[in-house]
$ cat query-v9.cif   # mmCIF, C-alpha atoms
data_protein
#
loop_
_atom_site.label_atom_id
_atom_site.label_comp_id
_atom_site.auth_asym_id
_atom_site.auth_seq_id
_atom_site.Cartn_x
_atom_site.Cartn_y
_atom_site.Cartn_z
CA MET A 1 89.86 101.78 54.61
CA THR A 2 91.95 102.33 57.76
CA LYS A 3 92.03 105.94 58.86
CA PRO A 4 95.65 107.21 58.96
CA PRO A 5 97.05 108.46 62.27
CA THR A 6 96.37 112.15 62.80
CA ASP A 7 99.04 112.96 65.39
CA LEU A 8 102.22 111.64 66.93
CA ALA A 9 100.46 109.98 69.87
CA GLU A 10 98.21 107.93 67.58
CA GLU A 11 101.10 107.00 65.34
CA LEU A 12 103.18 105.74 68.26
CA ARG A 13 100.37 103.53 69.47
CA LEU A 14 100.92 101.31 66.44
CA GLN A 15 102.76 98.13 67.37
CA VAL A 16 106.46 98.04 66.54
CA LYS A 17 106.92 94.82 64.55
CA ASP A 18 110.49 95.08 63.35
CA ARG A 19 113.70 97.01 63.93
CA LYS A 20 113.05 99.44 61.08
CA SER A 21 109.73 100.58 62.54
CA TYR A 22 111.26 100.71 66.04
CA LEU A 23 114.00 103.03 64.79
CA GLY A 24 111.34 105.09 63.03
CA VAL A 25 109.58 105.64 66.35
CA ILE A 26 112.83 106.86 67.95
CA ASP A 27 113.43 109.23 65.05
CA ARG A 28 109.94 110.75 65.43
CA LEU A 29 110.38 111.08 69.20
CA ASN A 30 113.74 112.82 68.70
CA LYS A 31 112.19 115.30 66.27
CA ALA A 32 109.24 115.92 68.59
CA SER A 33 111.59 116.72 71.49
CA VAL A 34 113.30 119.36 69.33
CA GLU A 35 110.08 120.86 67.99
CA LYS A 36 108.11 121.04 71.26
CA HIS A 37 109.73 121.27 74.67
CA TRP A 38 109.53 123.49 77.75
CA GLU A 39 112.01 125.03 80.19
CA ALA A 40 111.17 125.31 83.88
CA TYR A 41 112.22 128.94 84.32
CA ALA A 42 111.42 130.26 80.85
CA ASP A 43 107.94 128.86 80.20
CA ILE A 44 106.31 129.13 83.63
CA PRO A 45 105.48 132.67 84.85
CA TRP A 46 106.46 132.03 88.47
CA ASP A 47 106.15 135.69 89.47
CA ASP A 48 102.72 136.21 87.95
CA PRO A 49 100.39 137.33 90.79
CA ASP A 50 97.85 134.70 89.67
CA PHE A 51 100.47 131.98 90.21
CA VAL A 52 101.19 132.82 93.87
CA VAL A 53 101.02 129.76 96.15
CA ASP A 54 98.96 130.54 99.28
CA LYS A 55 98.44 127.53 101.52
CA ASN A 56 94.97 128.80 102.52
CA ASP A 57 93.81 129.33 98.92
CA PRO A 58 90.44 127.54 98.53
CA ARG A 59 91.53 126.37 95.07
CA TRP A 60 93.65 123.72 96.82
CA ILE A 61 90.61 122.14 98.49
CA LEU A 62 90.35 118.51 97.41
CA PRO A 63 87.46 117.75 95.05
CA PRO A 64 84.93 115.08 96.05
CA VAL A 65 86.49 112.75 93.46
CA ASP A 66 89.56 112.52 95.72
CA ARG A 67 89.10 109.66 98.18
CA LEU A 68 90.05 111.80 101.17
CA GLY A 69 88.11 114.79 99.83
CA GLU A 70 84.85 112.85 99.89
CA THR A 71 85.12 111.76 103.55
CA GLU A 72 82.90 113.38 106.16
CA TRP A 73 85.97 114.08 108.32
CA TYR A 74 87.61 116.16 105.58
CA ARG A 75 84.44 118.07 104.70
CA SER A 76 83.98 118.95 108.39
CA GLN A 77 87.37 120.71 108.60
CA PRO A 78 87.69 124.53 108.35
CA PRO A 79 88.26 125.69 104.74
CA GLU A 80 91.87 126.71 105.42
CA ILE A 81 92.70 123.22 106.78
CA GLN A 82 91.04 121.62 103.76
CA ALA A 83 93.17 123.85 101.51
CA GLN A 84 96.39 123.03 103.37
CA ILE A 85 95.73 119.30 103.14
CA GLY A 86 95.02 119.62 99.42
CA LEU A 87 98.21 121.60 98.84
CA TRP A 88 100.21 119.07 100.87
CA ARG A 89 98.87 116.29 98.62
CA VAL A 90 99.86 118.16 95.45
CA ALA A 91 103.31 119.10 96.77
CA THR A 92 104.04 115.56 97.97
CA ALA A 93 103.13 114.15 94.55
CA MET A 94 105.58 116.60 92.97
CA LYS A 95 108.33 115.81 95.49
CA ILE A 96 107.96 112.06 94.92
CA GLY A 97 107.86 112.76 91.19
CA LEU A 98 111.16 114.63 91.21
CA GLN A 99 112.77 111.94 93.40
CA PHE A 100 111.62 109.22 91.02
CA GLU A 101 112.84 111.22 88.03
CA ASN A 102 116.21 111.67 89.74
CA LEU A 103 116.55 107.88 89.86
CA LEU A 104 115.29 107.63 86.29
CA LYS A 105 117.81 110.16 84.94
CA ARG A 106 120.72 108.36 86.56
CA GLY A 107 119.50 105.05 85.17
CA LEU A 108 119.02 106.48 81.69
CA LEU A 109 122.56 107.86 81.69
CA ASN A 110 123.91 104.47 82.80
CA TYR A 111 122.00 102.92 79.91
CA ALA A 112 123.34 105.50 77.44
CA TYR A 113 126.91 105.14 78.75
CA ARG A 114 127.28 101.69 77.18
CA LEU A 115 125.50 102.37 73.89
CA PRO A 116 127.72 101.94 70.80
CA ASN A 117 128.38 104.86 68.46
CA GLY A 118 125.58 105.52 66.03
CA ARG A 119 122.71 104.22 68.17
CA PRO A 120 119.68 106.57 67.89
CA GLU A 121 118.63 105.66 71.44
CA PHE A 122 121.57 107.73 72.71
CA ARG A 123 120.17 110.97 71.36
CA TYR A 124 116.66 110.18 72.59
CA VAL A 125 117.89 109.32 76.10
CA TYR A 126 119.65 112.70 76.32
CA HIS A 127 116.50 114.48 75.13
CA GLU A 128 114.51 112.70 77.82
CA THR A 129 117.11 113.36 80.50
CA THR A 130 117.08 117.08 79.65
CA GLU A 131 113.29 117.19 79.86
CA GLU A 132 113.32 115.33 83.17
CA CYS A 133 115.82 117.87 84.54
CA HIS A 134 113.34 120.64 83.82
CA HIS A 135 110.54 118.61 85.40
CA GLY A 136 112.61 118.23 88.55
CA MET A 137 113.30 121.97 88.67
CA MET A 138 109.67 122.96 88.25
CA PHE A 139 108.51 120.39 90.81
CA GLN A 140 111.07 121.53 93.40
CA GLU A 141 110.30 125.20 92.75
CA PHE A 142 106.63 124.48 93.41
CA VAL A 143 107.46 122.60 96.63
CA ASN A 144 109.69 125.46 97.79
CA ARG A 145 106.89 127.98 97.30
CA THR A 146 104.48 126.01 99.53
CA ASN A 147 106.71 126.50 102.61
CA LEU A 148 105.45 123.12 103.83
CA PRO A 149 107.76 120.42 105.29
CA ILE A 150 107.39 118.09 102.30
CA ARG A 151 109.60 114.99 102.41
CA GLY A 152 108.43 112.82 99.52
CA MET A 153 109.30 109.13 99.60
CA PRO A 154 109.48 107.34 102.96
CA ARG A 155 113.09 107.43 104.15
CA ALA A 156 113.63 103.65 104.15
CA LEU A 157 112.22 103.30 100.65
CA SER A 158 114.37 106.19 99.43
CA VAL A 159 117.49 104.36 100.62
CA ILE A 160 116.47 101.11 98.93
CA ALA A 161 115.60 102.99 95.72
CA GLN A 162 119.23 104.07 95.27
CA VAL A 163 119.94 100.71 93.57
CA THR A 164 117.52 101.59 90.76
CA PRO A 165 120.03 103.50 88.56
CA LEU A 166 122.20 100.35 88.51
CA ILE A 167 119.44 98.18 87.01
CA PRO A 168 120.21 99.14 83.35
CA LEU A 169 123.72 97.74 83.80
CA ILE A 170 122.16 94.32 84.46
CA ASN A 171 118.72 94.25 82.83
CA THR A 172 117.52 97.14 80.66
CA GLU A 173 114.07 95.61 80.14
CA LEU A 174 113.50 95.53 83.89
CA PHE A 175 114.63 99.15 84.16
CA PHE A 176 112.04 100.31 81.62
CA VAL A 177 109.35 98.38 83.53
CA PHE A 178 110.42 100.47 86.54
CA VAL A 179 110.16 103.60 84.37
CA LEU A 180 106.58 102.77 83.42
CA GLY A 181 105.81 101.78 87.00
CA GLY A 182 106.56 105.35 88.08
CA GLU A 183 105.23 107.22 85.06
CA ASP A 184 102.00 105.41 84.21
CA PRO A 185 100.19 105.85 87.58
CA ILE A 186 100.92 109.57 87.85
CA ASP A 187 100.04 110.08 84.17
CA TYR A 188 96.74 108.28 84.79
CA VAL A 189 95.91 110.53 87.75
CA GLN A 190 96.96 113.77 86.05
CA ARG A 191 95.00 113.10 82.87
CA LYS A 192 91.94 112.14 84.87
CA SER A 193 92.20 115.28 87.01
CA LEU A 194 92.52 117.61 84.02
CA LYS A 195 89.76 115.89 82.08
CA GLY A 196 87.45 116.13 85.07
CA GLY A 197 88.16 119.84 85.57
CA HIS A 198 89.44 119.25 89.10
CA ILE A 199 92.59 121.41 88.79
CA LYS A 200 91.73 124.96 89.86
CA HIS A 201 95.08 126.70 90.46
CA PRO A 202 96.75 127.98 87.24
CA LEU A 203 100.28 127.11 88.43
CA GLU A 204 99.38 123.49 89.12
CA GLU A 205 97.55 123.27 85.79
CA THR A 206 100.51 124.71 83.86
CA ILE A 207 102.99 122.30 85.47
CA MET A 208 100.66 119.38 84.93
CA ARG A 209 100.08 120.13 81.24
CA ILE A 210 103.82 120.43 80.57
CA HIS A 211 104.48 117.20 82.42
CA ILE A 212 101.76 115.24 80.59
CA ALA A 213 102.90 116.48 77.16
CA GLU A 214 106.53 115.45 77.63
CA GLU A 215 105.84 112.28 79.60
CA ALA A 216 103.79 111.05 76.64
CA ARG A 217 107.07 110.77 74.71
CA HIS A 218 108.88 109.10 77.61
CA ILE A 219 106.12 106.54 78.09
CA SER A 220 106.02 105.86 74.35
CA PHE A 221 109.75 105.15 74.25
CA ALA A 222 109.63 102.77 77.22
CA ARG A 223 106.65 100.86 75.79
CA HIS A 224 108.18 100.54 72.33
CA TYR A 225 111.55 99.57 73.77
CA LEU A 226 109.86 96.70 75.63
CA ARG A 227 107.86 95.71 72.54
CA HIS A 228 111.08 95.56 70.57
CA ARG A 229 113.27 93.80 73.14
CA VAL A 230 111.12 91.46 75.23
CA PRO A 231 110.18 88.98 72.47
CA GLY A 232 113.88 88.21 71.93
CA MET A 233 114.81 87.78 75.60
CA PRO A 234 116.17 84.39 76.75
CA ARG A 235 113.60 82.27 78.56
CA LEU A 236 115.09 82.65 82.04
CA ARG A 237 115.34 86.43 81.74
CA ARG A 238 111.73 86.60 80.53
CA ARG A 239 110.66 84.47 83.47
CA PHE A 240 112.46 86.77 85.91
CA LEU A 241 110.90 89.82 84.24
CA GLY A 242 107.48 88.23 84.62
CA LEU A 243 108.03 87.68 88.34
CA ALA A 244 109.54 91.10 89.06
CA THR A 245 107.09 93.24 87.06
CA PRO A 246 103.98 92.92 89.29
CA ALA A 247 106.07 93.50 92.42
CA ILE A 248 107.53 96.71 90.97
CA LEU A 249 104.16 97.97 89.75
CA GLY A 250 102.36 97.07 92.98
CA VAL A 251 104.85 99.04 95.06
CA MET A 252 105.23 101.99 92.68
CA ALA A 253 101.49 102.56 92.19
CA ARG A 254 100.90 102.67 95.93
CA ILE A 255 103.78 105.10 96.46
CA MET A 256 102.30 107.45 93.88
CA LEU A 257 98.66 107.20 95.00
CA SER A 258 98.76 106.64 98.78
CA PRO A 259 98.55 109.46 101.37
CA PRO A 260 101.89 110.72 102.72
CA GLY A 261 102.51 109.68 106.32
CA PRO A 262 103.81 113.12 107.43
CA MET A 263 100.58 114.71 106.19
CA VAL A 264 98.46 112.20 108.10
CA ARG A 265 100.43 112.89 111.29
CA HIS A 266 100.60 116.67 110.82
CA PHE A 267 96.83 117.04 110.45
CA ARG A 268 96.07 114.18 112.84
CA ILE A 269 93.89 112.40 110.32
CA PRO A 270 92.21 109.50 112.16
CA ALA A 271 93.27 105.99 111.13
CA ASP A 272 89.67 105.02 110.30
CA VAL A 273 89.44 108.00 107.90
CA VAL A 274 92.65 106.90 106.15
CA ARG A 275 91.24 103.37 105.82
CA GLU A 276 87.93 104.71 104.53
CA ALA A 277 89.68 106.85 101.93
CA TYR A 278 92.55 104.65 100.76
CA LYS A 279 91.74 101.04 101.69
CA SER A 280 88.26 100.92 100.20
CA GLU A 281 87.33 98.85 97.17
CA ALA A 282 87.08 102.04 95.12
CA ALA A 283 90.62 103.05 96.09
CA GLN A 284 91.93 99.60 95.19
CA ASP A 285 90.18 99.86 91.81
CA GLU A 286 91.99 103.17 91.26
CA ILE A 287 95.38 101.55 91.89
CA ARG A 288 94.48 98.64 89.62
CA ASN A 289 93.36 100.98 86.85
CA SER A 290 96.49 103.13 87.10
CA VAL A 291 98.70 100.25 85.89
CA GLY A 292 96.19 98.99 83.33
CA LYS A 293 98.19 99.99 80.25
CA ILE A 294 101.41 98.29 81.27
CA ARG A 295 99.48 95.23 82.49
CA GLU A 296 97.94 94.94 79.02
CA LEU A 297 101.36 95.46 77.41
CA MET A 298 102.98 92.68 79.43
CA THR A 299 100.05 90.38 78.63
CA GLU A 300 100.41 91.23 74.93
CA LEU A 301 104.13 90.36 75.11
CA GLY A 302 103.42 86.99 76.71
CA VAL A 303 105.21 87.85 79.94
CA VAL A 304 102.16 87.18 82.15
CA THR A 305 101.85 83.46 82.96
CA PRO A 306 99.47 81.45 85.20
CA VAL A 307 102.26 81.36 87.79
CA ASN A 308 103.21 85.04 87.97
CA LYS A 309 99.58 86.12 87.57
CA ARG A 310 99.22 85.12 91.22
CA ILE A 311 101.76 87.83 92.09
CA TRP A 312 99.67 90.40 90.22
CA GLN A 313 96.67 89.22 92.23
CA ALA A 314 98.60 89.28 95.52
CA PHE A 315 99.52 92.93 94.93
CA GLY A 316 95.91 93.73 94.02
CA ILE A 317 96.70 94.96 90.51
CA TRP A 318 95.32 92.18 88.31
CA ASP A 319 92.39 92.56 85.92
CA LYS A 320 91.63 90.68 82.75
CA PRO A 321 93.19 92.36 79.68
CA GLY A 322 91.03 95.22 78.47
CA ASP A 323 89.04 95.22 81.72
CA ARG A 324 90.14 98.51 83.29
CA ARG A 325 87.14 99.34 85.37
CA ALA A 326 85.80 102.70 86.36
CA PRO A 327 86.28 103.14 90.12
CA LYS A 328 83.19 102.47 92.18
CA ALA A 329 81.84 105.05 94.58
CA ALA A 330 83.09 104.55 98.11
#
$ encode --input "query-v9.cif" --output "structure tokens"
Amino acid sequence: MTKPPTDLAEELRLQVKDRKSYLGVIDRLNKASVEKHWEAYADIPWDDPDFVVDKNDPRWILPPVDRLGETEWYRSQPPEIQAQIGLWRVATAMKIGLQFENLLKRGLLNYAYRLPNGRPEFRYVYHETTEECHHGMMFQEFVNRTNLPIRGMPRALSVIAQVTPLIPLINTELFFVFVLGGEDPIDYVQRKSLKGGHIKHPLEETIMRIHIAEEARHISFARHYLRHRVPGMPRLRRRFLGLATPAILGVMARIMLSPPGPMVRHFRIPADVVREAYKSEAAQDEIRNSVGKIRELMTELGVVTPVNKRIWQAFGIWDKPGDRRAPKAA
């Protein structure tokens, strides 16, 4: 006898096979957003002495599991420099996260703008947008408290990214691939960090736990939206989706997981150390693993073909379905 789902996450992992079950998922997500949500300035004790952000705090030192943290160059630095580099990494991830979520919110609202009356997606999109607003506030508040010159996305990429909110007006399926391309890699890293006990500062841990809990709903909606919509797409649109998906994921995963250029220049990290940390086979495995769930989803939906699989391979993010490997030691 099949064991019934025990929580919302398990229930939403069931495949949506028809419109009725798809609408049921949206209804459960809407209820979950009402029953459990957080506010940036009500649920985080910013002024708690234990939550103070000190750039020399040893709790920011990168753990050996971090590719840079395990290099001999990093371990040879004074403890305060190690802490500052670790804090810079955390703050940059949050800055890029809030920039991505800014694009996402604008795209979601463009999607909702054209929804007919009575569509349950409208309510869900506004729940998600509200939650993303609070994520942006807590990320920016954290960045502000570091007093570091954090920039986030590279300037040229930030300019190009401004077209993203317009994608739902042309192709909503492609937009939700973009959503997963930004959310899945950071969710992968955050869950792995918490599970491994690598987060030492209580403020970072609090922000991360809030983010993971609410992003689980956002990721579920995007995945179930694609499951519901992609099978009915016209052939040419499916073909375009298949070609664009690996390019989006390849770029997004590297943005989320690569070292920020300003940090490398500020601390004068040698080029060979950057290559050792982020160009190694282990680092490439990490990038490949971070998009494993959406790669499996697109394979399940029949979007991956022998032709576009070469694009996945060219971006270094292809593995056989179900073959998400544990990263090898560098």
$ closest_atom_pairs --input "query-v9.cif" --of "range 114-191 of chain A" --to "range 52-58 of chain A" --cutoff "12 Å" --atoms "all atoms listed in the file" --output "CSV"
residue,atom,partner,partner_atom,distance
A:Glu141,CA,A:Val53,CA,10.9
A:Phe142,CA,A:Val53,CA,8.2
A:Val143,CA,A:Val53,CA,9.6
A:Asn144,CA,A:Val53,CA,9.8
A:Arg145,CA,A:Val53,CA,6.2
A:Thr146,CA,A:Val53,CA,6.1
A:Asn147,CA,A:Lys55,CA,8.4
A:Leu148,CA,A:Lys55,CA,8.6
$ atom_distance --input "query-v9.cif" --atom1 "CA of Met256 in chain A" --atom2 "CA of Ile26 in chain A"
28.0 Å
$ atom_distance --input "query-v9.cif" --atom1 "CA of Leu157 in chain A" --atom2 "CA of Leu103 in chain A"
12.5 Å
$ resolve_selection --input "query-v9.cif" --expression "the PyMOL selection byres ((chain A and resi 67) around 8)" --output "tab-separated table (two decimals) with C-alpha atoms, in the coordinates of the input"
chain	number	residue	atom	x	y	z
A	64	PRO	CA	84.93	115.08	96.05
A	65	VAL	CA	86.49	112.75	93.46
A	66	ASP	CA	89.56	112.52	95.72
A	68	LEU	CA	90.05	111.80	101.17
A	69	GLY	CA	88.11	114.79	99.83
A	70	GLU	CA	84.85	112.85	99.89
A	71	THR	CA	85.12	111.76	103.55
A	277	ALA	CA	89.68	106.85	101.93
A	278	TYR	CA	92.55	104.65	100.76
A	283	ALA	CA	90.62	103.05	96.09
A	330	ALA	CA	83.09	104.55	98.11
$ residues_around --input "query-v9.cif" --residues "Met298 in chain A" --least-positions-apart "3" --cutoff "10 Å" --atoms "all atoms listed in the file" --output "tab-separated table (two decimals) with C-alpha atoms, in the coordinates of the input"
chain	number	residue	atom	x	y	z
A	177	VAL	CA	109.35	98.38	83.53
A	223	ARG	CA	106.65	100.86	75.79
A	226	LEU	CA	109.86	96.70	75.63
A	227	ARG	CA	107.86	95.71	72.54
A	230	VAL	CA	111.12	91.46	75.23
A	241	LEU	CA	110.90	89.82	84.24
A	242	GLY	CA	107.48	88.23	84.62
A	245	THR	CA	107.09	93.24	87.06
A	246	PRO	CA	103.98	92.92	89.29
A	293	LYS	CA	98.19	99.99	80.25
A	294	ILE	CA	101.41	98.29	81.27
A	295	ARG	CA	99.48	95.23	82.49
A	301	LEU	CA	104.13	90.36	75.11
A	302	GLY	CA	103.42	86.99	76.71
A	303	VAL	CA	105.21	87.85	79.94
A	304	VAL	CA	102.16	87.18	82.15
A	305	THR	CA	101.85	83.46	82.96
A	321	PRO	CA	93.19	92.36	79.68
$ closest_residue --input "query-v9.cif" --among "A:Gly152, A:Gly316, A:Pro185, A:Gly197" --to "Met263 in chain A" --atoms "only C-alpha atoms"
A:Gly152
$ residues_around --input "query-v9.cif" --residues "range 112-123 of chain A" --least-positions-apart "6" --cutoff "8 Å" --atoms "all atoms listed in the file" --output "VMD selection string"
chain A and resid 23 26 to 27 30
$ residues_around --input "query-v9.cif" --residues "Met94 in chain A" --least-positions-apart "5" --cutoff "10 Å" --atoms "only C-alpha atoms" --output "PyMOL selection string"
chain A and resi 88-89+99-100+135-136+138-143+150+152+186+207-208+256
$ atom_distance --input "query-v9.cif" --atom1 "CA of Gln162 in chain A" --atom2 "CA of Leu180 in chain A"
17.4 Å
$ closest_residue --input "query-v9.cif" --among "A:Leu87, A:Leu203, A:Ala93, A:Ile167" --to "Ile255 in chain A" --atoms "only C-alpha atoms"
A:Ala93
$ resolve_selection --input "query-v9.cif" --expression "the PyMOL selection byres ((chain A and resi 253) around 12)" --output "PDB file with C-alpha atoms, keeping the file's coordinate frame"
ATOM      1  CA  ALA A  93     103.130 114.150  94.550  1.00  0.00           C
ATOM      2  CA  ILE A  96     107.960 112.060  94.920  1.00  0.00           C
ATOM      3  CA  PHE A 178     110.420 100.470  86.540  1.00  0.00           C
ATOM      4  CA  VAL A 179     110.160 103.600  84.370  1.00  0.00           C
ATOM      5  CA  LEU A 180     106.580 102.770  83.420  1.00  0.00           C
ATOM      6  CA  GLY A 181     105.810 101.780  87.000  1.00  0.00           C
ATOM      7  CA  GLY A 182     106.560 105.350  88.080  1.00  0.00           C
ATOM      8  CA  GLU A 183     105.230 107.220  85.060  1.00  0.00           C
ATOM      9  CA  ASP A 184     102.000 105.410  84.210  1.00  0.00           C
ATOM     10  CA  PRO A 185     100.190 105.850  87.580  1.00  0.00           C
ATOM     11  CA  ILE A 186     100.920 109.570  87.850  1.00  0.00           C
ATOM     12  CA  ASP A 187     100.040 110.080  84.170  1.00  0.00           C
ATOM     13  CA  TYR A 188      96.740 108.280  84.790  1.00  0.00           C
ATOM     14  CA  VAL A 189      95.910 110.530  87.750  1.00  0.00           C
ATOM     15  CA  PRO A 246     103.980  92.920  89.290  1.00  0.00           C
ATOM     16  CA  ALA A 247     106.070  93.500  92.420  1.00  0.00           C
ATOM     17  CA  ILE A 248     107.530  96.710  90.970  1.00  0.00           C
ATOM     18  CA  LEU A 249     104.160  97.970  89.750  1.00  0.00           C
ATOM     19  CA  GLY A 250     102.360  97.070  92.980  1.00  0.00           C
ATOM     20  CA  VAL A 251     104.850  99.040  95.060  1.00  0.00           C
ATOM     21  CA  MET A 252     105.230 101.990  92.680  1.00  0.00           C
ATOM     22  CA  ARG A 254     100.900 102.670  95.930  1.00  0.00           C
ATOM     23  CA  ILE A 255     103.780 105.100  96.460  1.00  0.00           C
ATOM     24  CA  MET A 256     102.300 107.450  93.880  1.00  0.00           C
ATOM     25  CA  LEU A 257      98.660 107.200  95.000  1.00  0.00           C
ATOM     26  CA  SER A 258      98.760 106.640  98.780  1.00  0.00           C
ATOM     27  CA  PRO A 259      98.550 109.460 101.370  1.00  0.00           C
ATOM     28  CA  ALA A 283      90.620 103.050  96.090  1.00  0.00           C
ATOM     29  CA  GLN A 284      91.930  99.600  95.190  1.00  0.00           C
ATOM     30  CA  ASP A 285      90.180  99.860  91.810  1.00  0.00           C
ATOM     31  CA  GLU A 286      91.990 103.170  91.260  1.00  0.00           C
ATOM     32  CA  ILE A 287      95.380 101.550  91.890  1.00  0.00           C
ATOM     33  CA  ARG A 288      94.480  98.640  89.620  1.00  0.00           C
ATOM     34  CA  ASN A 289      93.360 100.980  86.850  1.00  0.00           C
ATOM     35  CA  SER A 290      96.490 103.130  87.100  1.00  0.00           C
ATOM     36  CA  VAL A 291      98.700 100.250  85.890  1.00  0.00           C
ATOM     37  CA  GLY A 292      96.190  98.990  83.330  1.00  0.00           C
ATOM     38  CA  ILE A 294     101.410  98.290  81.270  1.00  0.00           C
ATOM     39  CA  PHE A 315      99.520  92.930  94.930  1.00  0.00           C
ATOM     40  CA  GLY A 316      95.910  93.730  94.020  1.00  0.00           C
ATOM     41  CA  ILE A 317      96.700  94.960  90.510  1.00  0.00           C
TER      42      ILE A 317
END
$ closest_residue --input "query-v9.cif" --among "A:Lys95, A:Arg237, A:Lys20, A:His37" --to "Pro154 in chain A" --atoms "only C-alpha atoms"
A:Lys95
$ residues_near_point --input "query-v9.cif" --point "(92.3, 110.6, 107.6)" --cutoff "12 Å" --atoms "all atoms listed in the file" --output "count of residues only"
35
$ closest_residue --input "query-v9.cif" --among "A:Ser193, A:Ala244, A:Ala216, A:Ala282" --to "Trp312 in chain A" --atoms "all atoms listed in the file"
A:Ala244
$ closest_residue --input "query-v9.cif" --among "A:Asn110, A:Thr299, A:Gln313, A:Ser158" --to "Asn171 in chain A" --atoms "all atoms listed in the file"
A:Asn110
$ resolve_selection --input "query-v9.cif" --expression "the PyMOL selection byres ((chain A and resi 128) around 10)" --output "list in words"
Leu29, Asn30, Ser33, Leu104, Lys105, Leu108, Arg123, Tyr124, Val125, Tyr126, His127, Thr129, Thr130, Glu131, Glu132, Cys133, Glu214, Glu215, Arg217, His218 and Phe221 of chain A
$ axis_aligned_box --input "query-v9.cif" --around "range 99-103 of chain A" --padding-each-side "3 Å" --output "AutoDock Vina command-line options"
--center_x 114.1 --center_y 109.9 --center_z 90.7 --size_x 10.9 --size_y 10.1 --size_z 11.4
$ build_atoms --input "query-v9.cif" --residues "range 88-100 of chain A" --atoms "N, CA, C and O atoms" --output "PDB file, in the frame of the given file"
ATOM      1  N   TRP A  88      99.223 120.058 100.424  1.00  0.00           N
ATOM      2  CA  TRP A  88     100.210 119.070 100.870  1.00  0.00           C
ATOM      3  C   TRP A  88     100.204 117.866  99.933  1.00  0.00           C
ATOM      4  O   TRP A  88     101.254 117.346  99.560  1.00  0.00           O
ATOM      5  N   ARG A  89      99.000 117.430  99.544  1.00  0.00           N
ATOM      6  CA  ARG A  89      98.870 116.290  98.620  1.00  0.00           C
ATOM      7  C   ARG A  89      99.545 116.597  97.292  1.00  0.00           C
ATOM      8  O   ARG A  89     100.290 115.773  96.752  1.00  0.00           O
ATOM      9  N   VAL A  90      99.289 117.775  96.744  1.00  0.00           N
ATOM     10  CA  VAL A  90      99.860 118.160  95.450  1.00  0.00           C
ATOM     11  C   VAL A  90     101.384 118.249  95.555  1.00  0.00           C
ATOM     12  O   VAL A  90     102.114 117.718  94.703  1.00  0.00           O
ATOM     13  N   ALA A  91     101.875 118.909  96.612  1.00  0.00           N
ATOM     14  CA  ALA A  91     103.310 119.100  96.770  1.00  0.00           C
ATOM     15  C   ALA A  91     104.035 117.770  96.993  1.00  0.00           C
ATOM     16  O   ALA A  91     105.145 117.568  96.492  1.00  0.00           O
ATOM     17  N   THR A  92     103.424 116.868  97.742  1.00  0.00           N
ATOM     18  CA  THR A  92     104.040 115.560  97.970  1.00  0.00           C
ATOM     19  C   THR A  92     104.143 114.779  96.668  1.00  0.00           C
ATOM     20  O   THR A  92     105.160 114.133  96.390  1.00  0.00           O
ATOM     21  N   ALA A  93     103.091 114.841  95.847  1.00  0.00           N
ATOM     22  CA  ALA A  93     103.130 114.150  94.550  1.00  0.00           C
ATOM     23  C   ALA A  93     104.274 114.690  93.702  1.00  0.00           C
ATOM     24  O   ALA A  93     104.979 113.930  93.025  1.00  0.00           O
ATOM     25  N   MET A  94     104.492 116.011  93.747  1.00  0.00           N
ATOM     26  CA  MET A  94     105.580 116.600  92.970  1.00  0.00           C
ATOM     27  C   MET A  94     106.945 116.219  93.539  1.00  0.00           C
ATOM     28  O   MET A  94     107.886 115.956  92.783  1.00  0.00           O
ATOM     29  N   LYS A  95     107.052 116.173  94.867  1.00  0.00           N
ATOM     30  CA  LYS A  95     108.330 115.810  95.490  1.00  0.00           C
ATOM     31  C   LYS A  95     108.681 114.356  95.162  1.00  0.00           C
ATOM     32  O   LYS A  95     109.831 114.041  94.794  1.00  0.00           O
ATOM     33  N   ILE A  96     107.715 113.459  95.269  1.00  0.00           N
ATOM     34  CA  ILE A  96     107.960 112.060  94.920  1.00  0.00           C
ATOM     35  C   ILE A  96     108.281 111.958  93.438  1.00  0.00           C
ATOM     36  O   ILE A  96     109.152 111.185  93.021  1.00  0.00           O
ATOM     37  N   GLY A  97     107.598 112.761  92.621  1.00  0.00           N
ATOM     38  CA  GLY A  97     107.860 112.760  91.190  1.00  0.00           C
ATOM     39  C   GLY A  97     109.285 113.156  90.865  1.00  0.00           C
ATOM     40  O   GLY A  97     109.956 112.520  90.049  1.00  0.00           O
ATOM     41  N   LEU A  98     109.794 114.196  91.507  1.00  0.00           N
ATOM     42  CA  LEU A  98     111.160 114.630  91.210  1.00  0.00           C
ATOM     43  C   LEU A  98     112.187 113.635  91.759  1.00  0.00           C
ATOM     44  O   LEU A  98     113.251 113.438  91.163  1.00  0.00           O
ATOM     45  N   GLN A  99     111.872 112.964  92.882  1.00  0.00           N
ATOM     46  CA  GLN A  99     112.770 111.940  93.400  1.00  0.00           C
ATOM     47  C   GLN A  99     112.826 110.735  92.467  1.00  0.00           C
ATOM     48  O   GLN A  99     113.899 110.199  92.181  1.00  0.00           O
ATOM     49  N   PHE A 100     111.661 110.323  91.982  1.00  0.00           N
ATOM     50  CA  PHE A 100     111.620 109.220  91.020  1.00  0.00           C
ATOM     51  C   PHE A 100     112.377 109.592  89.751  1.00  0.00           C
ATOM     52  O   PHE A 100     113.156 108.787  89.217  1.00  0.00           O
TER      53      PHE A 100
END
